[in-house]
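The next block holds one structure in the form of C-alpha cells; read it before the comments.
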Amino acid sequence: MALHEMNFTLHADGEIETIPRDWSHTGVVGSGDMEILMKHADLSGKVEVKIVTPVTGFDHVWKRVLEKFVREAKTGDLKIEINDNNATPFIVSMRLKQALIEAKEGFR
Amino acid sequence: MENNKVWNSLKRDRMNRIKAAIPYVKIGKVVDAEDTVNLLETVIKPYDKVNIEGDNQKQADYLSECLCQVRKDRVHDLHIVQSSVALGSQLDVFEKGIARKLDYSFSGPQAGRMANMIREGKIELGAIHTYLELYGRYFIDLTPRVALVAAVKADRNGNLYTGFNTEDTPVVVEATKFKQGIVIAQVNEIVDQLPRVDIPGDWVDFVIEAPRPFYVEPLFTRDPALITDVQVLRAMMAIKGIYAEYGVQRLNHGIGFDTAAIELLLPTYGEELGLKGKICSYFGLNPHPTMIPAIESGWVKNIHCFGGENGMENYIRERSDIFFVGPDDSLRSNRAFTQIAGHYALDMFVGGTLQIDKYGNSSTATESRVSGFGGAPNMGCDSRGRRHASGSWLKCGGENGIQSQLTGDLPRGKKLVVQIQETFREKMAPGFVDKLDAWNLAEAADMELPPVMIYGDDLTHIITEEGVAYLHKAESLDERMAAIRAIAGYTEIGMMEKPEETKELRRKGIVKTPEDLDIDVTKANRNMLAAKNVRELVKWSGGLYNPPARFRNW
C-alpha cells in the first residue's frame, strides 16, 4: 500500500524545554500503534514533525493532535519522525507523551 | 346467549394434533430422529406461531434444520417468535417460504443476511424486542402454538435436563404448554435417570435424541491478550471515576474488552485503591472467564447467570457459594430472571456500543446489519418501577440535574447506565456521530422507529480516553451535548468542543479528565491486568477453567 507522508512545523508559546539527549526512539509499528524517533535539533524553538502512515484523509486531525501535544508539553527544538500503522488519535497523543517522558527520563 | 359456543377449541385442536402424531411415538414420548420431519409436518399447521429455541447461546439447531425440510404444501406461512436468530437454518425457513413473519430480539452473526431478506420481502418483520419484552409477549399476543426446544438430556417420560445452559427454555415452555400448545424437545441423550429435572415431563409432548449435540456459541470469552493499553486506561477511569465514586455493589457488565479489562483490574488496581468489599460484590452476569481472578481474590459474593459459557462448567461446580447450581452441582442459568434483576436489583450497567449520537442516544445497528438488542436495553435503562433504595442509586438520582423539575422536592434514585466508548474504532470509524446509522436502517427496513440500544435520557455516564461525562448531572440538553463534545476526542463531534465550556463543565464536575481523576495516562499499561492471557486465567482457576480449543493458543 502506498504510504502517505505529512510534514508539520509547530511552535509552543512561552518557555520551551527540549530533550536532554541527541535522540530517543520508542514504540513499535504494530497494528494500531506507532514508533517515534525524537531528535534534538536547533530549530529556534520549533518542532518539525514528519509522519509516514497508510491513513489518508485525516491530516487535519494529525495537526490538531500534534498542536495540542506541543502546546501542553511546552517542548521545542525537536525533530519528530513517526511511523504509524493505523493508531487512533488518542494512541498518537498517548505515545507522544510516553516518548517524551522516555526521552527525558531515559537520560538519567 | 350462545349455548353452542366452544370454549376449548385450542385444547381440542391440540388433542387432534397429538393423536395424529401417535404413529411416530416409539415409547413414552420418544420419537426417533428419522421421524422428526414427519412429526413436524403432522403437528405444525400453516400460520402457526412457532418458537424455534434460539437463545443467546444454546440453539435447537437439529429441529431448525428439520423444519427446513417439511413440505411447503403442508406447512407454510409460519410466524416465527424466538429470541435469537443465530444460525443459517433459522433464516432458511424464510428463504424456503415455510415461514413468513418474524418477531425476535437478537441476530448477531445473521444480521447482514437478515437485512437483505427484509429488503427483499422474504421476511416480514414484526418487531425487534428486548429479551424481556419478547418473553412478556409470549404470554400476551405472541404465544407459540408449537415450541421446538433444546435440552441436554431427557427421560422417556419427557422430563428435561437443560442444565448449564438452561437460558430461555423455562419461559418458552411455560408460555407454550399452558396455552394448550405443543412442546417438542431435541436432546443430546435419552437416559433412564436425569441428574436433575429442569422442565417437568408433563409440560413436554415429544422428545427426540438428535444425531449430534445442540450448538452452543461461546459468546463471553474475552482473551486478555487482546486487551489494549487504552482499554486499561478507560477501565482505570471507570473504577476510580464511577465504581468507587458511587460505591457500586450490584451490577452487570457487557461483553466487550473494556469490561473484561475492568474485571481483570479489580485484584490489582482495585485492590491498590482499597476498594475490595466496597464495590463489585454482586453481579447479574454470564460466567465471564475474566471474572475468575476477582472471584479467586475474594471480591465477589454472588453471580446469577443469564446463560452458561463453554469451559466454565467445572469451575462453577466447585464455586457454588458464588453461582446458582442445582442438586447435581451444575449451573442453573435462567435468562428471564437475570434480565429482571437487571431492571430491579442492579444499580449499574456498563457496556459499549458502536455509535453514540450528539444527544447521547446509542445504537449498534447499521444500514446493512439488523443486529437487534438482546438484553442490553433491559440492563441499560432506568427502571421506573423500582422502589427500594441503595447508596449508589440514591447518589446518582440525587445528582440528576432535572429531577426537581419532575418530582419537586421528592427524592428519587437513578440507575447508573454507563457506556465505555472508544472515540475511534478500527479503520478510524468514529464512536460519536451527528446522526445514528439506525435512522437509515429504519428507513431501509420500513421500521416504525430507529432501533436504539440505549436512549440518551437513560444514559448517565460515558467514559472515553479523554474523560468521564456525568451526563445525568446536566441541567439541560444543551449542557449534556456540551459534556459529550468534551469527551468525544478528535471525532467531528469532539472537534466542536469549546474550551471555555469544557472548563466550566469540569468545574461543575460534569466532566472529569484523567488528570481530574488523578490518573496518569502514560502509566496505563497491560501489565496491570491480573491475567494477561487465557493460560493465566486457567492458572488462576487452579485448572478448573477449561477454555474452548479456539482460545487455547499455547
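Ligands are numbered from 1 in the order shown, chains are lettered A, B, ... in the order of the C-alpha cells, and residues start at 1 in each chain.
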Up to 12 Å from chain A, what residues of chain B turn up? Count only C-alpha atoms and give them as a count of residues only.
35
Would you mind listing what lies within 6 Å of A:Lys74 as an MDAnalysis selection string, with only C-alpha atoms counted and same-chain residues fewer than 4 positions away left out?
chainID A and resid 12 16 70
Please, which residues of stretch 160-365 of chain B, numbered as in this document, come out strand (DSSP E) from DSSP, as number ranges by chain?
B: 160-161, 182-190, 206-209, 215-216, 250-253, 282-284, 302-304, 348-351, 355-357, 362-363
With only C-alpha atoms as the counted atoms, please give the residues lying no more than 12 Å from B:Gln193, apart from itself and same-chain residues fewer than 6 positions off, as a ChimeraX atom specification.
/B:153-161
Please produce a file of the residues just selected, as an mmCIF file, in the first residue's frame, where the atoms kept are N, CA and C atoms.
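That gives us out.cif:
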data_model
loop_
_atom_site.group_PDB
_atom_site.id
_atom_site.type_symbol
_atom_site.label_atom_id
_atom_site.label_comp_id
_atom_site.auth_asym_id
_atom_site.auth_seq_id
_atom_site.Cartn_x
_atom_site.Cartn_y
_atom_site.Cartn_z
ATOM 1 N N LYS B 153 -30.444 -33.509 28.277
ATOM 2 C CA LYS B 153 -30.908 -34.890 28.437
ATOM 3 C C LYS B 153 -32.418 -34.921 28.669
ATOM 4 N N ALA B 154 -33.013 -36.072 28.336
ATOM 5 C CA ALA B 154 -34.429 -36.298 28.658
ATOM 6 C C ALA B 154 -34.580 -37.736 29.117
ATOM 7 N N ASP B 155 -35.660 -38.004 29.876
ATOM 8 C CA ASP B 155 -36.025 -39.407 30.073
ATOM 9 C C ASP B 155 -37.209 -39.710 29.156
ATOM 10 N N ARG B 156 -37.667 -40.948 29.187
ATOM 11 C CA ARG B 156 -38.706 -41.359 28.221
ATOM 12 C C ARG B 156 -40.056 -40.708 28.500
ATOM 13 N N ASN B 157 -40.212 -40.177 29.732
ATOM 14 C CA ASN B 157 -41.473 -39.506 30.073
ATOM 15 C C ASN B 157 -41.461 -38.021 29.725
ATOM 16 N N GLY B 158 -40.365 -37.558 29.125
ATOM 17 C CA GLY B 158 -40.323 -36.167 28.688
ATOM 18 C C GLY B 158 -39.741 -35.189 29.698
ATOM 19 N N ASN B 159 -39.327 -35.690 30.870
ATOM 20 C CA ASN B 159 -38.623 -34.786 31.791
ATOM 21 C C ASN B 159 -37.338 -34.311 31.126
ATOM 22 N N LEU B 160 -37.034 -33.013 31.289
ATOM 23 C CA LEU B 160 -35.857 -32.463 30.614
ATOM 24 C C LEU B 160 -34.804 -31.983 31.612
ATOM 25 N N TYR B 161 -33.564 -32.255 31.262
ATOM 26 C CA TYR B 161 -32.416 -31.693 31.980
ATOM 27 C C TYR B 161 -31.775 -30.672 31.044
#
Need the shell around B:Met348: protein/DNA/RNA residues with any atom at most 7 Å away, counting only C-alpha atoms. Skip same-chain ones fewer than 4 positions apart. Format as a VMD selection string?
chain B and resid 250 to 252 415 to 417
Here is a test: counting only C-alpha atoms, which residue of A:Glu5, A:Asp13, A:Glu72, A:Asp33 is nearest to A:Val49?
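Smallest separation from A:Val49 among the options: A:Glu5.
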Based on the backbone DSSP call, show me all residues of stretch 219-427 of chain B assigned helix (DSSP H, G or I), as a PyMOL selection string.
chain B and resi 224-226+229-246+257-272+289-296+313-317+335-344+376-379+391-399+404-407+426-427
For stretch 123-130 of chain B: contacts at 8 Å, only C-alpha atoms, fewer than 3 positions along chain excluded, given as a ChimeraX atom specification:
/B:94,100-106,114,117-118,120,133-134,372-378,451
Export N, CA and C atoms of the chosen residues as a PDB file, in the first residue's frame?
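Okay, this is what ended up in part.pdb:
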ATOM      1  N   PHE B  94     -37.344 -19.108   6.148  1.00  0.00           N
ATOM      2  CA  PHE B  94     -37.976 -17.980   5.442  1.00  0.00           C
ATOM      3  C   PHE B  94     -37.631 -18.032   3.955  1.00  0.00           C
ATOM      4  N   ARG B 100     -42.991 -16.847   7.279  1.00  0.00           N
ATOM      5  CA  ARG B 100     -43.143 -15.551   6.615  1.00  0.00           C
ATOM      6  C   ARG B 100     -42.846 -14.388   7.557  1.00  0.00           C
ATOM      7  N   LYS B 101     -43.384 -14.473   8.757  1.00  0.00           N
ATOM      8  CA  LYS B 101     -43.259 -13.334   9.656  1.00  0.00           C
ATOM      9  C   LYS B 101     -42.307 -13.644  10.806  1.00  0.00           C
ATOM     10  N   LEU B 102     -41.616 -12.621  11.304  1.00  0.00           N
ATOM     11  CA  LEU B 102     -40.639 -12.839  12.374  1.00  0.00           C
ATOM     12  C   LEU B 102     -40.756 -11.769  13.453  1.00  0.00           C
ATOM     13  N   ASP B 103     -40.834 -12.223  14.695  1.00  0.00           N
ATOM     14  CA  ASP B 103     -40.659 -11.346  15.852  1.00  0.00           C
ATOM     15  C   ASP B 103     -39.505 -11.895  16.666  1.00  0.00           C
ATOM     16  N   TYR B 104     -38.501 -11.065  16.955  1.00  0.00           N
ATOM     17  CA  TYR B 104     -37.290 -11.588  17.596  1.00  0.00           C
ATOM     18  C   TYR B 104     -36.592 -10.505  18.413  1.00  0.00           C
ATOM     19  N   SER B 105     -35.414 -10.889  18.957  1.00  0.00           N
ATOM     20  CA  SER B 105     -34.646  -9.947  19.774  1.00  0.00           C
ATOM     21  C   SER B 105     -33.260  -9.645  19.221  1.00  0.00           C
ATOM     22  N   PHE B 106     -32.541 -10.704  18.831  1.00  0.00           N
ATOM     23  CA  PHE B 106     -31.109 -10.542  18.587  1.00  0.00           C
ATOM     24  C   PHE B 106     -30.660 -11.440  17.442  1.00  0.00           C
ATOM     25  N   MET B 114     -30.051 -11.092   7.340  1.00  0.00           N
ATOM     26  CA  MET B 114     -31.418 -10.719   7.691  1.00  0.00           C
ATOM     27  C   MET B 114     -31.796  -9.377   7.070  1.00  0.00           C
ATOM     28  N   MET B 117     -32.739 -10.020   3.553  1.00  0.00           N
ATOM     29  CA  MET B 117     -34.007 -10.737   3.381  1.00  0.00           C
ATOM     30  C   MET B 117     -35.204  -9.850   3.700  1.00  0.00           C
ATOM     31  N   ILE B 118     -35.033  -8.933   4.627  1.00  0.00           N
ATOM     32  CA  ILE B 118     -36.122  -7.987   4.923  1.00  0.00           C
ATOM     33  C   ILE B 118     -36.338  -7.072   3.716  1.00  0.00           C
ATOM     34  N   GLU B 120     -35.613  -7.737   0.637  1.00  0.00           N
ATOM     35  CA  GLU B 120     -36.171  -8.500  -0.493  1.00  0.00           C
ATOM     36  C   GLU B 120     -37.606  -8.962  -0.231  1.00  0.00           C
ATOM     37  N   GLU B 133     -39.089  -8.132  26.860  1.00  0.00           N
ATOM     38  CA  GLU B 133     -40.231  -7.644  26.097  1.00  0.00           C
ATOM     39  C   GLU B 133     -40.845  -8.797  25.298  1.00  0.00           C
ATOM     40  N   LEU B 134     -39.974  -9.565  24.639  1.00  0.00           N
ATOM     41  CA  LEU B 134     -40.458 -10.694  23.838  1.00  0.00           C
ATOM     42  C   LEU B 134     -41.047 -11.772  24.747  1.00  0.00           C
ATOM     43  N   GLY B 372     -30.291  -6.260  16.173  1.00  0.00           N
ATOM     44  CA  GLY B 372     -31.217  -6.401  17.299  1.00  0.00           C
ATOM     45  C   GLY B 372     -30.613  -5.963  18.615  1.00  0.00           C
ATOM     46  N   PHE B 373     -31.309  -6.269  19.701  1.00  0.00           N
ATOM     47  CA  PHE B 373     -30.925  -5.729  21.004  1.00  0.00           C
ATOM     48  C   PHE B 373     -30.432  -6.760  21.995  1.00  0.00           C
ATOM     49  N   GLY B 374     -31.027  -7.949  21.995  1.00  0.00           N
ATOM     50  CA  GLY B 374     -30.740  -8.875  23.084  1.00  0.00           C
ATOM     51  C   GLY B 374     -31.195  -8.287  24.392  1.00  0.00           C
ATOM     52  N   GLY B 375     -30.336  -8.379  25.400  1.00  0.00           N
ATOM     53  CA  GLY B 375     -30.757  -7.942  26.722  1.00  0.00           C
ATOM     54  C   GLY B 375     -30.241  -6.582  27.124  1.00  0.00           C
ATOM     55  N   ALA B 376     -29.362  -5.995  26.325  1.00  0.00           N
ATOM     56  CA  ALA B 376     -28.703  -4.758  26.748  1.00  0.00           C
ATOM     57  C   ALA B 376     -29.682  -3.653  27.164  1.00  0.00           C
ATOM     58  N   PRO B 377     -30.787  -3.442  26.424  1.00  0.00           N
ATOM     59  CA  PRO B 377     -31.688  -2.363  26.860  1.00  0.00           C
ATOM     60  C   PRO B 377     -32.365  -2.659  28.205  1.00  0.00           C
ATOM     61  N   ASN B 378     -32.561  -3.945  28.549  1.00  0.00           N
ATOM     62  CA  ASN B 378     -33.125  -4.264  29.865  1.00  0.00           C
ATOM     63  C   ASN B 378     -32.135  -3.891  30.962  1.00  0.00           C
ATOM     64  N   PRO B 451     -33.939   1.593  15.550  1.00  0.00           N
ATOM     65  CA  PRO B 451     -33.588   0.701  16.653  1.00  0.00           C
ATOM     66  C   PRO B 451     -32.482   1.305  17.524  1.00  0.00           C
TER      67      PRO B 451
END
What's the 8 Å shell around B:Val468, counting only C-alpha atoms, without same-chain residues fewer than 5 positions away, as an mmCIF file with N, CA and C atoms, in the first residue's frame?
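Okay, out19.cif is ready:
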data_model
loop_
_atom_site.group_PDB
_atom_site.id
_atom_site.type_symbol
_atom_site.label_atom_id
_atom_site.label_comp_id
_atom_site.auth_asym_id
_atom_site.auth_seq_id
_atom_site.Cartn_x
_atom_site.Cartn_y
_atom_site.Cartn_z
ATOM 1 N N MET B 237 -10.290 4.582 34.663
ATOM 2 C CA MET B 237 -11.190 5.725 34.838
ATOM 3 C C MET B 237 -12.558 5.267 35.321
ATOM 4 N N GLY B 241 -13.484 6.699 38.695
ATOM 5 C CA GLY B 241 -14.432 7.794 38.482
ATOM 6 C C GLY B 241 -15.889 7.409 38.691
ATOM 7 N N HIS B 461 -23.631 7.999 32.218
ATOM 8 C CA HIS B 461 -22.197 8.285 32.108
ATOM 9 C C HIS B 461 -21.632 7.755 30.797
ATOM 10 N N ILE B 462 -20.710 8.510 30.211
ATOM 11 C CA ILE B 462 -19.908 7.999 29.098
ATOM 12 C C ILE B 462 -18.444 8.117 29.503
ATOM 13 N N ILE B 463 -17.697 7.037 29.248
ATOM 14 C CA ILE B 463 -16.250 7.073 29.500
ATOM 15 C C ILE B 463 -15.524 6.938 28.165
ATOM 16 N N ILE B 487 -15.735 15.016 25.673
ATOM 17 C CA ILE B 487 -15.004 13.750 25.796
ATOM 18 C C ILE B 487 -14.980 12.976 24.488
ATOM 19 N N VAL B 511 -17.840 16.965 33.790
ATOM 20 C CA VAL B 511 -16.801 16.282 33.018
ATOM 21 C C VAL B 511 -15.568 16.160 33.900
ATOM 22 N N LYS B 512 -14.952 14.954 33.887
ATOM 23 C CA LYS B 512 -13.683 14.774 34.583
ATOM 24 C C LYS B 512 -12.679 14.157 33.623
ATOM 25 N N THR B 513 -11.534 14.798 33.492
ATOM 26 C CA THR B 513 -10.479 14.263 32.643
ATOM 27 C C THR B 513 -9.650 13.282 33.484
#
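Going from atom CA of B:Glu217 over to atom CA of B:Ile255, you cover 13.5 Å.
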B:Gly401, B:Ala150, B:Lys395, B:Pro218 ranked by distance to B:Ala549, top pick (using only C-alpha atoms):
B:Pro218
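If you measure from each of B:Ala469, B:Ser392, B:Lys179, B:Val538 to B:Ser9 using only C-alpha atoms, the closest one turns out to be B:Lys179.
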Given only C-alpha atoms as the counted atoms, nearest of B:Arg196, B:Lys11, B:Lys276, B:Lys503 to B:Val325:
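Ranking B:Arg196, B:Lys11, B:Lys276, B:Lys503 by distance to B:Val325, first place goes to B:Arg196.
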Can you work out the spacing between atom CA of B:Cys280 and atom CA of B:Thr169 in Å, to one decimal?
29.2 Å
